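Shown here: coords.pdb, PDB, C-alpha atoms.
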```
ATOM      1  CA  MET G 259     113.470  99.872  98.947
ATOM      2  CA  ASP G 260     113.400 103.593  98.517
ATOM      3  CA  SER G 261     112.104 105.818 101.240
ATOM      4  CA  MET G 262     108.818 106.799  99.735
ATOM      5  CA  ARG G 263     107.500 110.296  99.104
ATOM      6  CA  GLU G 264     104.014 110.923 100.486
ATOM      7  CA  SER G 265     102.740 111.813  96.997
ATOM      8  CA  THR G 266     104.054 108.519  95.580
ATOM      9  CA  LYS G 267     102.438 106.565  98.377
ATOM     10  CA  GLN G 268      99.128 108.318  97.783
ATOM     11  CA  ALA G 269      99.258 107.656  94.029
ATOM     12  CA  ILE G 270      99.896 103.942  94.653
ATOM     13  CA  GLN G 271      97.144 103.764  97.263
ATOM     14  CA  LYS G 272      94.817 105.451  94.764
ATOM     15  CA  ILE G 273      95.418 103.003  91.897
ATOM     16  CA  ASN G 274      95.052 100.050  94.302
ATOM     17  CA  THR G 275      91.689 101.446  95.444
ATOM     18  CA  ARG G 276      90.667 102.040  91.810
ATOM     19  CA  PHE G 277      91.339  98.365  91.101
ATOM     20  CA  TYR G 278      88.935  97.243  93.843
ATOM     21  CA  ASN G 279      86.352  99.861  92.853
ATOM     22  CA  ALA G 280      86.498  98.522  89.270
ATOM     23  CA  PHE G 281      86.100  94.982  90.616
ATOM     24  CA  GLU G 282      83.072  95.993  92.733
ATOM     25  CA  SER G 283      81.455  97.807  89.800
ATOM     26  CA  LEU G 284      81.751  94.619  87.678
ATOM     27  CA  SER G 285      82.566  96.959  84.803
ATOM     28  CA  LEU G 286      85.036  95.630  82.247
ATOM     29  CA  GLU G 287      85.557  99.178  80.999
ATOM     30  CA  ARG G 288      86.702 100.373  84.416
ATOM     31  CA  MET G 289      88.906  97.289  84.860
ATOM     32  CA  GLU G 290      90.506  98.040  81.476
ATOM     33  CA  GLU G 291      91.522 101.490  82.709
ATOM     34  CA  VAL G 292      93.451 100.041  85.654
ATOM     35  CA  TRP G 293      95.608  97.535  83.740
ATOM     36  CA  LYS G 294      98.529  97.938  81.387
ATOM     37  CA  HIS G 295      97.464  96.389  78.084
ATOM     38  CA  SER G 296     100.660  94.471  77.536
ATOM     39  CA  ASP G 297     101.719  90.931  76.671
ATOM     40  CA  ASP G 298     103.747  90.431  79.830
ATOM     41  CA  ILE G 299     101.161  91.202  82.509
ATOM     42  CA  ILE G 300     100.051  88.316  84.724
ATOM     43  CA  CYS G 301      96.920  87.638  86.747
ATOM     44  CA  VAL G 302      96.300  84.771  89.193
ATOM     45  CA  HIS G 303      92.757  84.527  90.549
ATOM     46  CA  PRO G 304      92.229  82.575  93.803
ATOM     47  CA  GLY G 305      92.464  78.840  93.112
ATOM     48  CA  TRP G 306      93.126  79.310  89.387
ATOM     49  CA  ASP G 307      96.209  78.835  87.268
ATOM     50  CA  LEU G 308      97.739  82.021  85.871
ATOM     51  CA  PHE G 309      96.579  84.158  82.958
ATOM     52  CA  ALA G 310      99.383  85.807  80.977
ATOM     53  CA  GLY G 311      98.989  88.772  78.622
ATOM     54  CA  TRP G 312      96.257  91.376  78.453
ATOM     55  CA  MET G 313      93.970  89.394  76.080
ATOM     56  CA  ALA G 314      93.789  86.426  78.460
ATOM     57  CA  VAL G 315      93.576  88.605  81.581
ATOM     58  CA  ARG G 316      90.744  90.688  80.066
ATOM     59  CA  GLU G 317      88.875  87.475  79.194
ATOM     60  CA  SER G 318      89.249  86.214  82.783
ATOM     61  CA  TRP G 319      87.684  89.390  84.171
ATOM     62  CA  MET G 320      84.839  89.108  81.665
ATOM     63  CA  THR G 321      84.131  85.560  82.892
ATOM     64  CA  ILE G 322      84.266  86.616  86.561
ATOM     65  CA  PHE G 323      81.994  89.633  85.982
ATOM     66  CA  GLN G 324      79.456  87.526  84.039
ATOM     67  CA  ASN G 325      79.261  85.012  86.871
ATOM     68  CA  THR G 326      79.136  87.457  89.757
ATOM     69  CA  GLU G 327      75.928  89.046  90.890
ATOM     70  CA  ARG G 328      77.413  91.304  93.533
ATOM     71  CA  ILE G 329      80.803  91.620  95.250
ATOM     72  CA  GLN G 330      81.982  93.982  97.974
ATOM     73  CA  PHE G 331      85.458  94.524  99.346
ATOM     74  CA  LEU G 332      86.838  95.799 102.606
ATOM     75  CA  ILE G 333      90.592  96.153 102.117
ATOM     76  CA  THR G 334      92.740  95.859 105.243
ATOM     77  CA  ASN G 335      96.414  95.328 106.177
ATOM     78  CA  THR G 336      97.653  97.257 103.128
ATOM     79  CA  LYS G 337     101.448  97.221 102.813
ATOM     80  CA  ILE G 338     103.075  99.359 100.114
ATOM     81  CA  ARG G 339     106.630  99.058  98.822
ATOM     82  CA  ALA G 340     108.041 101.156  95.960
ATOM     83  CA  PHE G 341     111.273 100.624  94.047
ATOM     84  CA  GLU G 342     113.127 103.235  91.963
ATOM     85  CA  ASN G 343     109.839 105.188  91.851
ATOM     86  CA  THR G 344     108.888 102.803  89.021
ATOM     87  CA  ILE G 345     107.546  99.606  90.538
ATOM     88  CA  ALA G 346     105.105  99.374  93.422
ATOM     89  CA  VAL G 347     104.277  96.160  95.255
ATOM     90  CA  VAL G 348     101.073  96.278  97.284
ATOM     91  CA  VAL G 349     100.034  93.446  99.575
ATOM     92  CA  CYS G 350      96.624  93.560 101.215
ATOM     93  CA  LEU G 351      93.833  91.457 102.658
ATOM     94  CA  GLU G 352      90.611  91.446 100.661
ATOM     95  CA  ASN G 353      87.655  90.923 103.008
ATOM     96  CA  ILE G 354      85.015  89.876 100.493
ATOM     97  CA  GLN G 355      81.261  89.604 100.670
ATOM     98  CA  SER G 356      79.886  88.156  97.453
ATOM     99  CA  ASN G 357      76.866  86.617  95.779
ATOM    100  CA  VAL G 358      78.010  83.984  93.307
ATOM    101  CA  SER G 359      75.394  81.658  91.747
ATOM    102  CA  GLN G 360      72.922  82.736  94.463
ATOM    103  CA  ASN G 361      75.283  81.846  97.313
ATOM    104  CA  LYS G 362      76.201  84.569  99.798
ATOM    105  CA  MET G 363      79.798  84.150 100.934
ATOM    106  CA  LYS G 364      82.322  85.836 103.197
ATOM    107  CA  THR G 365      85.854  85.049 102.110
ATOM    108  CA  GLY G 366      89.353  86.313 102.737
ATOM    109  CA  VAL G 367      91.924  86.674  99.974
ATOM    110  CA  VAL G 368      95.530  87.817 100.295
ATOM    111  CA  ALA G 369      96.605  89.784  97.243
ATOM    112  CA  THR G 370      99.923  90.796  95.740
ATOM    113  CA  ASN G 371      99.289  93.693  93.352
ATOM    114  CA  ILE G 372     102.134  95.143  91.301
ATOM    115  CA  PHE G 373     101.903  98.492  89.537
ATOM    116  CA  GLU G 374     104.298 100.117  87.057
ATOM    117  CA  ARG G 375     104.657 103.878  86.679
ATOM    118  CA  GLN G 376     104.065 105.044  83.132
ATOM    119  CA  THR G 377     105.206 108.331  81.662
ATOM    120  CA  ILE G 378     102.827 109.347  78.948
ATOM    121  CA  ALA G 379     103.590 112.158  76.498
ATOM    122  CA  LYS G 380     100.891 114.803  76.281
ATOM    123  CA  ASN G 381     100.477 117.982  74.191
ATOM    124  CA  ASN G 382     102.938 120.889  74.524
ATOM    125  CA  GLU G 383     105.773 118.594  75.611
ATOM    126  CA  LYS G 384     104.033 117.912  78.880
ATOM    127  CA  TYR G 385     104.197 114.508  80.439
ATOM    128  CA  GLU G 386     101.618 112.720  82.499
ATOM    129  CA  GLU G 387     102.562 110.175  85.132
ATOM    130  CA  LYS G 388     100.286 107.255  85.752
ATOM    131  CA  TRP G 389     100.465 103.937  87.609
ATOM    132  CA  LEU G 390      99.034 100.841  85.901
ATOM    133  CA  MET G 391      98.533  97.309  87.170
ATOM    134  CA  ILE G 392     100.885  94.702  85.700
ATOM    135  CA  HIS G 393     100.329  91.861  88.158
ATOM    136  CA  HIS G 394      97.567  90.591  90.414
ATOM    137  CA  HIS G 395      97.859  87.438  92.491
ATOM    138  CA  GLY G 396      95.040  86.546  94.854
ATOM    139  CA  SER G 397      95.014  83.491  97.098
ATOM    140  CA  PRO G 398      92.342  82.229  99.463
ATOM    141  CA  VAL G 399      92.938  82.361 103.221
ATOM    142  CA  SER G 400      91.878  78.977 104.665
ATOM    143  CA  ASN G 401      91.085  79.855 108.253
ATOM    144  CA  TYR G 402      89.648  83.256 107.495
ATOM    145  CA  ILE G 403      87.868  85.186 110.241
ATOM    146  CA  PRO G 404      85.863  88.133 108.832
ATOM    147  CA  PRO G 405      86.344  91.491 110.589
ATOM    148  CA  ASN G 406      83.623  92.480 112.991
ATOM    149  CA  VAL G 407      82.247  95.258 110.789
ATOM    150  CA  SER G 408      79.764  95.304 107.940
ATOM    151  CA  ILE G 409      81.291  95.887 104.522
TER     152      ILE G 409
ATOM    153  CA  MET M1270     109.798  96.432  81.463
ATOM    154  CA  ASP M1271     113.398  96.634  80.423
ATOM    155  CA  SER M1272     114.698  94.406  77.701
ATOM    156  CA  MET M1273     116.701  91.975  79.750
ATOM    157  CA  ARG M1274     120.367  91.091  79.388
ATOM    158  CA  GLU M1275     121.037  87.374  79.215
ATOM    159  CA  SER M1276     123.330  87.591  82.261
ATOM    160  CA  THR M1277     120.576  89.289  84.289
ATOM    161  CA  LYS M1278     118.057  86.660  83.273
ATOM    162  CA  GLN M1279     120.466  83.883  84.253
ATOM    163  CA  ALA M1280     121.156  85.483  87.644
ATOM    164  CA  ILE M1281     117.422  85.735  88.351
ATOM    165  CA  GLN M1282     116.796  82.174  87.189
ATOM    166  CA  LYS M1283     119.626  81.063  89.472
ATOM    167  CA  ILE M1284     118.286  82.688  92.653
ATOM    168  CA  ASN M1285     114.802  81.345  91.899
ATOM    169  CA  THR M1286     116.257  77.829  91.587
ATOM    170  CA  ARG M1287     118.269  78.355  94.788
ATOM    171  CA  PHE M1288     115.025  79.166  96.590
ATOM    172  CA  TYR M1289     113.446  75.863  95.564
ATOM    173  CA  ASN M1290     116.646  73.930  96.299
ATOM    174  CA  ALA M1291     116.654  75.440  99.799
ATOM    175  CA  PHE M1292     112.996  74.474 100.193
ATOM    176  CA  GLU M1293     113.702  70.878  99.089
ATOM    177  CA  SER M1294     116.674  70.591 101.425
ATOM    178  CA  LEU M1295     114.442  71.620 104.376
ATOM    179  CA  SER M1296     117.483  73.561 105.618
ATOM    180  CA  LEU M1297     116.731  76.804 107.428
ATOM    181  CA  GLU M1298     120.342  77.849 106.904
ATOM    182  CA  ARG M1299     120.034  77.603 103.124
ATOM    183  CA  MET M1300     116.656  79.384 103.168
ATOM    184  CA  GLU M1301     118.274  82.180 105.190
ATOM    185  CA  GLU M1302     120.834  82.702 102.430
ATOM    186  CA  VAL M1303     118.122  83.288  99.817
ATOM    187  CA  TRP M1304     116.117  85.973 101.637
ATOM    188  CA  LYS M1305     116.836  89.594 102.443
ATOM    189  CA  HIS M1306     116.765  89.892 106.244
ATOM    190  CA  SER M1307     114.647  92.996 106.322
ATOM    191  CA  ASP M1308     111.512  94.233 108.072
ATOM    192  CA  ASP M1309     109.591  94.831 104.869
ATOM    193  CA  ILE M1310     109.797  91.431 103.208
ATOM    194  CA  ILE M1311     106.557  89.477 102.871
ATOM    195  CA  CYS M1312     105.758  85.784 102.528
ATOM    196  CA  VAL M1313     102.361  84.196 101.816
ATOM    197  CA  HIS M1314     102.269  80.398 102.021
ATOM    198  CA  PRO M1315      99.405  78.592 100.212
ATOM    199  CA  GLY M1316      96.169  79.023 102.187
ATOM    200  CA  TRP M1317      97.813  81.101 104.916
ATOM    201  CA  ASP M1318      97.598  84.761 105.801
ATOM    202  CA  LEU M1319     100.759  86.769 105.196
ATOM    203  CA  PHE M1320     103.962  86.901 107.228
ATOM    204  CA  ALA M1321     105.696  90.288 107.259
ATOM    205  CA  GLY M1322     109.323  90.917 108.230
ATOM    206  CA  TRP M1323     112.241  88.528 108.329
ATOM    207  CA  MET M1324     111.651  87.331 111.921
ATOM    208  CA  ALA M1325     108.109  86.157 111.137
ATOM    209  CA  VAL M1326     109.058  84.776 107.720
ATOM    210  CA  ARG M1327     111.995  82.819 109.185
ATOM    211  CA  GLU M1328     109.664  81.383 111.847
ATOM    212  CA  SER M1329     107.172  80.275 109.167
ATOM    213  CA  TRP M1330     109.878  78.363 107.293
ATOM    214  CA  MET M1331     110.973  76.734 110.539
ATOM    215  CA  THR M1332     107.412  75.521 111.139
ATOM    216  CA  ILE M1333     107.077  74.215 107.573
ATOM    217  CA  PHE M1334     110.426  72.424 107.685
ATOM    218  CA  GLN M1335     109.615  70.837 111.062
ATOM    219  CA  ASN M1336     106.336  69.470 109.712
ATOM    220  CA  THR M1337     107.593  68.276 106.344
ATOM    221  CA  GLU M1338     109.195  64.904 105.917
ATOM    222  CA  ARG M1339     110.069  65.276 102.245
ATOM    223  CA  ILE M1340     109.169  67.724  99.469
ATOM    224  CA  GLN M1341     110.167  67.774  95.818
ATOM    225  CA  PHE M1342     109.578  70.455  93.202
ATOM    226  CA  LEU M1343     109.357  70.444  89.450
ATOM    227  CA  ILE M1344     109.202  74.089  88.389
ATOM    228  CA  THR M1345     107.445  74.827  85.088
ATOM    229  CA  ASN M1346     106.007  77.840  83.209
ATOM    230  CA  THR M1347     108.646  80.199  84.596
ATOM    231  CA  LYS M1348     108.069  83.811  83.540
ATOM    232  CA  ILE M1349     110.704  86.410  84.414
ATOM    233  CA  ARG M1350     110.285  90.174  84.356
ATOM    234  CA  ALA M1351     112.976  92.646  85.438
ATOM    235  CA  PHE M1352     112.609  96.354  86.123
ATOM    236  CA  GLU M1353     115.420  98.929  86.201
ATOM    237  CA  ASN M1354     117.823  95.991  86.702
ATOM    238  CA  THR M1355     116.814  96.191  90.382
ATOM    239  CA  ILE M1356     113.566  94.306  90.825
ATOM    240  CA  ALA M1357     112.753  90.910  89.336
ATOM    241  CA  VAL M1358     109.289  89.363  89.357
ATOM    242  CA  VAL M1359     109.240  85.616  88.720
ATOM    243  CA  VAL M1360     106.000  83.707  88.261
ATOM    244  CA  CYS M1361     106.105  79.929  88.037
ATOM    245  CA  LEU M1362     104.145  76.767  88.636
ATOM    246  CA  GLU M1363     105.391  74.585  91.482
ATOM    247  CA  ASN M1364     104.593  70.925  90.744
ATOM    248  CA  ILE M1365     104.976  69.472  94.222
ATOM    249  CA  GLN M1366     105.322  65.959  95.529
ATOM    250  CA  SER M1367     105.356  65.934  99.308
ATOM    251  CA  ASN M1368     105.065  63.793 102.397
ATOM    252  CA  VAL M1369     103.308  65.753 105.129
ATOM    253  CA  SER M1370     102.195  63.921 108.280
ATOM    254  CA  GLN M1371     102.631  60.599 106.453
ATOM    255  CA  ASN M1372     100.401  61.643 103.535
ATOM    256  CA  LYS M1373     101.855  61.561 100.029
ATOM    257  CA  MET M1374     100.463  64.397  97.961
ATOM    258  CA  LYS M1375     100.778  65.871  94.500
ATOM    259  CA  THR M1376      99.819  69.511  94.472
ATOM    260  CA  GLY M1377     100.164  72.506  92.185
ATOM    261  CA  VAL M1378     101.021  75.955  93.485
ATOM    262  CA  VAL M1379     101.350  79.171  91.471
ATOM    263  CA  ALA M1380     104.045  81.403  92.904
ATOM    264  CA  THR M1381     104.936  85.060  92.602
ATOM    265  CA  ASN M1382     108.551  85.491  93.703
ATOM    266  CA  ILE M1383     110.135  88.937  93.872
ATOM    267  CA  PHE M1384     113.880  89.490  94.130
ATOM    268  CA  GLU M1385     115.839  92.693  94.732
ATOM    269  CA  ARG M1386     119.358  93.251  93.445
ATOM    270  CA  GLN M1387     121.795  94.150  96.200
ATOM    271  CA  THR M1388     125.148  95.847  95.757
ATOM    272  CA  ILE M1389     127.471  94.767  98.517
ATOM    273  CA  ALA M1390     130.790  96.472  99.187
ATOM    274  CA  LYS M1391     133.773  94.104  99.282
ATOM    275  CA  ASN M1392     137.483  94.596  99.942
ATOM    276  CA  ASN M1393     139.625  96.762  97.624
ATOM    277  CA  GLU M1394     136.668  98.913  96.595
ATOM    278  CA  LYS M1395     135.157  96.016  94.703
ATOM    279  CA  TYR M1396     131.415  95.507  94.688
ATOM    280  CA  GLU M1397     129.485  92.293  94.585
ATOM    281  CA  GLU M1398     126.036  92.067  93.017
ATOM    282  CA  LYS M1399     123.546  89.673  94.455
ATOM    283  CA  TRP M1400     119.797  89.042  94.128
ATOM    284  CA  LEU M1401     117.815  88.339  97.296
ATOM    285  CA  MET M1402     114.195  87.305  97.801
ATOM    286  CA  ILE M1403     111.934  89.995  99.225
ATOM    287  CA  HIS M1404     108.537  88.446  98.460
ATOM    288  CA  HIS M1405     107.057  84.983  98.033
ATOM    289  CA  HIS M1406     103.375  84.381  97.410
ATOM    290  CA  GLY M1407     102.197  80.840  96.750
ATOM    291  CA  SER M1408      98.591  79.865  96.068
ATOM    292  CA  PRO M1409      97.044  76.443  95.518
ATOM    293  CA  VAL M1410      95.738  75.523  92.069
ATOM    294  CA  SER M1411      92.303  73.919  92.559
ATOM    295  CA  ASN M1412      91.970  71.820  89.416
ATOM    296  CA  TYR M1413      95.611  70.852  89.238
ATOM    297  CA  ILE M1414      96.715  68.170  86.800
ATOM    298  CA  PRO M1415     100.266  66.937  87.528
ATOM    299  CA  PRO M1416     102.638  66.751  84.549
ATOM    300  CA  ASN M1417     103.192  63.313  83.071
ATOM    301  CA  VAL M1418     106.753  63.008  84.350
ATOM    302  CA  SER M1419     108.221  61.856  87.619
ATOM    303  CA  ILE M1420     109.731  64.607  89.770
TER     304      ILE M1420
END
```
Write out the structure in this file as structure tokens.
Amino acid sequence: MDSMRESTKQAIQKINTRFYNAFESLSLERMEEVWKHSDDIICVHPGWDLFAGWMAVRESWMTIFQNTERIQFLITNTKIRAFENTIAVVVCLENIQSNVSQNKMKTGVVATNIFERQTIAKNNEKYEEKWLMIHHHGSPVSNYIPPNVSI
Amino acid sequence: MDSMRESTKQAIQKINTRFYNAFESLSLERMEEVWKHSDDIICVHPGWDLFAGWMAVRESWMTIFQNTERIQFLITNTKIRAFENTIAVVVCLENIQSNVSQNKMKTGVVATNIFERQTIAKNNEKYEEKWLMIHHHGSPVSNYIPPNVSI
């Protein structure tokens, strides 16, 4: 692992937060902005088999958003690792409060989120740097104890 | 993602297989050889919260091995991605047949395994290259259908 610059760490933290904000908003458009639209991205939702490739991953989010009335996240225990300033692995605990099919639930999910740094050419030979999600793996925590705060 | 050399792909496939062979052997010594012994490795076993750092991860394997009589894996759907020839992300389906506390079970687990390439100095200014596990995240598949083959 590289020793990480503060600016890199902040950029990774920011894209991870954007992912959960997109999830909370239940907006496919905002979720689309977070992900790399590529054939080799992978997404594993808690309890599900994997979805591979942007088309399948996009579809899975559409299904989740259509079946979710309301979802709120409190993200804790965030651990960030970056490699070659290109790949970032974020592990965190999703403390979730959700309304699915009229049931109110508090659940805990451990997530592995992987982001890849993109260099995008802009006008006047300028380049823009941007992190995009290429992997999300969430798994349910069996003996989950919600934190003693409201989300 | 880099386009991957065949030798790189084989090396990654090999360490991933070594991980499952170590798991099947229930040998802590063999599991120790697969992992990087570092403070920033992370391991999430199905249904559990995460373990961070080699000491905690080692302890978790010890507990699993002590409570497992027999476990066998058939690994399918393996997807390998490599970045900068330094980080490899392997996703696969673990088709598991196990005896835990005298119960025979068939379960499916989706795993995200991350390996980091190490360059180790040897005698005579030679260097050895070696992949080590830095992340394992397994999550249960709820509606798992075992493959129609014996493991």
Show me which bits of chain M are within 6 Å of chain G, counting only C-alpha atoms, as a ChimeraX atom specification. /M:1316-1318,1408-1411
May I have the selected residues written with C-alpha atoms, as a tab-separated table (two decimals), in the frame of the given file?
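So result-v3.tsv came out as:
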```
chain	number	residue	atom	x	y	z
M	1316	GLY	CA	96.17	79.02	102.19
M	1317	TRP	CA	97.81	81.10	104.92
M	1318	ASP	CA	97.60	84.76	105.80
M	1408	SER	CA	98.59	79.86	96.07
M	1409	PRO	CA	97.04	76.44	95.52
M	1410	VAL	CA	95.74	75.52	92.07
M	1411	SER	CA	92.30	73.92	92.56
```
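Here the question is which of M:Ile1340, M:Met1331, M:Ile1284, M:Leu1297 gets nearest to Lys1373 (chain M) using only C-alpha atoms, and that residue is M:Ile1340.
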Given the file shown, enumerate the residues that the PyMOL selection byres ((chain G and resi 292-297) around 6) captures and present them as a PDB file with C-alpha atoms, keeping the file's coordinate frame.
```
ATOM      1  CA  MET G 289      88.906  97.289  84.860  1.00  0.00           C
ATOM      2  CA  GLU G 290      90.506  98.040  81.476  1.00  0.00           C
ATOM      3  CA  GLU G 291      91.522 101.490  82.709  1.00  0.00           C
ATOM      4  CA  ASP G 298     103.747  90.431  79.830  1.00  0.00           C
ATOM      5  CA  ILE G 299     101.161  91.202  82.509  1.00  0.00           C
ATOM      6  CA  GLY G 311      98.989  88.772  78.622  1.00  0.00           C
ATOM      7  CA  TRP G 312      96.257  91.376  78.453  1.00  0.00           C
ATOM      8  CA  LEU G 390      99.034 100.841  85.901  1.00  0.00           C
ATOM      9  CA  MET G 391      98.533  97.309  87.170  1.00  0.00           C
ATOM     10  CA  ILE G 392     100.885  94.702  85.700  1.00  0.00           C
TER      11      ILE G 392
END
```
Can you show chain G as a compact mmCIF listing (two decimals) with C-alpha atoms, keeping the file's coordinate frame once it has been least-squares superposed onto chain M, using every C-alpha atom paired in order?
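This went into selection.txt:
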```txt
# COMPACT_ATOMS: atom_id res chain seq x y z
CA MET G 259 109.81 96.44 81.49
CA ASP G 260 113.39 96.62 80.41
CA SER G 261 114.69 94.40 77.69
CA MET G 262 116.70 91.99 79.75
CA ARG G 263 120.36 91.10 79.37
CA GLU G 264 121.05 87.36 79.19
CA SER G 265 123.32 87.58 82.25
CA THR G 266 120.57 89.28 84.28
CA LYS G 267 118.06 86.66 83.25
CA GLN G 268 120.45 83.89 84.24
CA ALA G 269 121.16 85.47 87.64
CA ILE G 270 117.41 85.74 88.35
CA GLN G 271 116.80 82.18 87.18
CA LYS G 272 119.63 81.06 89.46
CA ILE G 273 118.30 82.69 92.64
CA ASN G 274 114.80 81.35 91.90
CA THR G 275 116.25 77.84 91.57
CA ARG G 276 118.26 78.34 94.78
CA PHE G 277 115.02 79.16 96.59
CA TYR G 278 113.43 75.85 95.57
CA ASN G 279 116.63 73.92 96.29
CA ALA G 280 116.65 75.44 99.80
CA PHE G 281 112.99 74.47 100.20
CA GLU G 282 113.69 70.88 99.08
CA SER G 283 116.67 70.58 101.43
CA LEU G 284 114.45 71.63 104.38
CA SER G 285 117.48 73.56 105.60
CA LEU G 286 116.74 76.81 107.42
CA GLU G 287 120.35 77.85 106.89
CA ARG G 288 120.04 77.58 103.12
CA MET G 289 116.67 79.37 103.17
CA GLU G 290 118.28 82.19 105.18
CA GLU G 291 120.84 82.70 102.41
CA VAL G 292 118.13 83.28 99.80
CA TRP G 293 116.14 85.97 101.65
CA LYS G 294 116.84 89.59 102.44
CA HIS G 295 116.77 89.88 106.23
CA SER G 296 114.65 93.00 106.32
CA ASP G 297 111.53 94.24 108.07
CA ASP G 298 109.60 94.85 104.87
CA ILE G 299 109.80 91.43 103.21
CA ILE G 300 106.55 89.48 102.87
CA CYS G 301 105.75 85.79 102.53
CA VAL G 302 102.35 84.20 101.81
CA HIS G 303 102.26 80.41 102.01
CA PRO G 304 99.40 78.60 100.21
CA GLY G 305 96.17 79.01 102.19
CA TRP G 306 97.81 81.10 104.92
CA ASP G 307 97.60 84.76 105.81
CA LEU G 308 100.76 86.78 105.20
CA PHE G 309 103.96 86.90 107.24
CA ALA G 310 105.69 90.29 107.27
CA GLY G 311 109.32 90.92 108.24
CA TRP G 312 112.24 88.53 108.32
CA MET G 313 111.66 87.32 111.93
CA ALA G 314 108.12 86.16 111.15
CA VAL G 315 109.05 84.78 107.72
CA ARG G 316 111.99 82.81 109.19
CA GLU G 317 109.67 81.38 111.85
CA SER G 318 107.17 80.28 109.18
CA TRP G 319 109.87 78.36 107.30
CA MET G 320 110.99 76.73 110.55
CA THR G 321 107.41 75.52 111.16
CA ILE G 322 107.06 74.22 107.58
CA PHE G 323 110.43 72.42 107.69
CA GLN G 324 109.62 70.81 111.07
CA ASN G 325 106.34 69.47 109.73
CA THR G 326 107.58 68.26 106.37
CA GLU G 327 109.19 64.90 105.92
CA ARG G 328 110.07 65.27 102.26
CA ILE G 329 109.17 67.71 99.48
CA GLN G 330 110.17 67.77 95.82
CA PHE G 331 109.58 70.43 93.21
CA LEU G 332 109.36 70.44 89.45
CA ILE G 333 109.21 74.09 88.39
CA THR G 334 107.46 74.83 85.10
CA ASN G 335 106.01 77.82 83.21
CA THR G 336 108.65 80.20 84.59
CA LYS G 337 108.07 83.81 83.53
CA ILE G 338 110.71 86.41 84.40
CA ARG G 339 110.28 90.18 84.35
CA ALA G 340 112.98 92.65 85.45
CA PHE G 341 112.62 96.36 86.13
CA GLU G 342 115.44 98.94 86.21
CA ASN G 343 117.84 96.00 86.70
CA THR G 344 116.82 96.20 90.38
CA ILE G 345 113.57 94.30 90.83
CA ALA G 346 112.75 90.92 89.34
CA VAL G 347 109.29 89.37 89.35
CA VAL G 348 109.23 85.63 88.72
CA VAL G 349 106.00 83.71 88.26
CA CYS G 350 106.11 79.94 88.04
CA LEU G 351 104.14 76.76 88.63
CA GLU G 352 105.40 74.59 91.48
CA ASN G 353 104.59 70.94 90.74
CA ILE G 354 104.98 69.48 94.22
CA GLN G 355 105.31 65.96 95.51
CA SER G 356 105.36 65.93 99.30
CA ASN G 357 105.06 63.79 102.40
CA VAL G 358 103.32 65.76 105.12
CA SER G 359 102.19 63.92 108.29
CA GLN G 360 102.64 60.60 106.44
CA ASN G 361 100.41 61.63 103.54
CA LYS G 362 101.87 61.55 100.03
CA MET G 363 100.46 64.40 97.96
CA LYS G 364 100.77 65.86 94.48
CA THR G 365 99.82 69.52 94.46
CA GLY G 366 100.16 72.51 92.19
CA VAL G 367 101.03 75.97 93.47
CA VAL G 368 101.34 79.18 91.47
CA ALA G 369 104.05 81.41 92.90
CA THR G 370 104.94 85.07 92.60
CA ASN G 371 108.56 85.49 93.70
CA ILE G 372 110.13 88.94 93.86
CA PHE G 373 113.87 89.49 94.12
CA GLU G 374 115.84 92.70 94.73
CA ARG G 375 119.36 93.25 93.44
CA GLN G 376 121.80 94.13 96.20
CA THR G 377 125.14 95.83 95.75
CA ILE G 378 127.45 94.73 98.49
CA ALA G 379 130.77 96.45 99.19
CA LYS G 380 133.74 94.11 99.29
CA ASN G 381 137.48 94.62 99.95
CA ASN G 382 139.61 96.81 97.65
CA GLU G 383 136.62 98.94 96.63
CA LYS G 384 135.13 96.04 94.74
CA TYR G 385 131.43 95.50 94.71
CA GLU G 386 129.50 92.29 94.58
CA GLU G 387 126.06 92.06 93.02
CA LYS G 388 123.55 89.67 94.45
CA TRP G 389 119.81 89.04 94.12
CA LEU G 390 117.82 88.33 97.29
CA MET G 391 114.21 87.30 97.79
CA ILE G 392 111.93 89.99 99.23
CA HIS G 393 108.54 88.45 98.46
CA HIS G 394 107.05 85.00 98.03
CA HIS G 395 103.37 84.39 97.41
CA GLY G 396 102.19 80.85 96.76
CA SER G 397 98.59 79.88 96.07
CA PRO G 398 97.05 76.47 95.51
CA VAL G 399 95.74 75.54 92.06
CA SER G 400 92.30 73.92 92.55
CA ASN G 401 91.97 71.80 89.44
CA TYR G 402 95.61 70.85 89.25
CA ILE G 403 96.72 68.17 86.80
CA PRO G 404 100.27 66.94 87.54
CA PRO G 405 102.65 66.76 84.56
CA ASN G 406 103.17 63.33 83.10
CA VAL G 407 106.75 62.99 84.36
CA SER G 408 108.23 61.83 87.64
CA ILE G 409 109.71 64.59 89.76
```
Cut-off 10 Å around (82.4, 94.1, 108.3) with only C-alpha atoms: residues as a count of residues only: 12
Can you work out the spacing between CA of Asn361 (chain G) and CA of Val348 (chain G) in Å, to one decimal? 29.6 Å
Could you check which of G:Cys301, G:Thr365, G:Leu284, G:Tyr278 is closest to Asn325 (chain G), using all atoms listed in the file?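 That would be G:Leu284, the residue with the smallest distance to Asn325 (chain G).
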Have a look at M:Ser1367, M:Ala1390, M:Asn1354, M:Lys1395 and name the one nearest to Ile1281 (chain M); count all atoms listed in the file.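 Comparing M:Ser1367, M:Ala1390, M:Asn1354, M:Lys1395 against Ile1281 (chain M), the winner is M:Asn1354.
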Between CA of Ala346 (chain G) and CA of Arg1386 (chain M), measure the distance and give it in Å to one decimal. 15.5 Å
I need the residue nearest Asn1285 (chain M) from this list: M:Val1326, M:Met1273, M:Ile1344, M:Ile1333. Use all atoms listed in the file for the distance. M:Ile1344
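The gap separating CA of Phe323 (chain G) from CA of Glu282 (chain G) is 9.3 Å, in Å to one decimal.
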Best match for closeness to Arg1339 (chain M) among M:Ile1389, M:Met1324, M:Ala1280, M:Met1374, counting all atoms listed in the file: M:Met1374
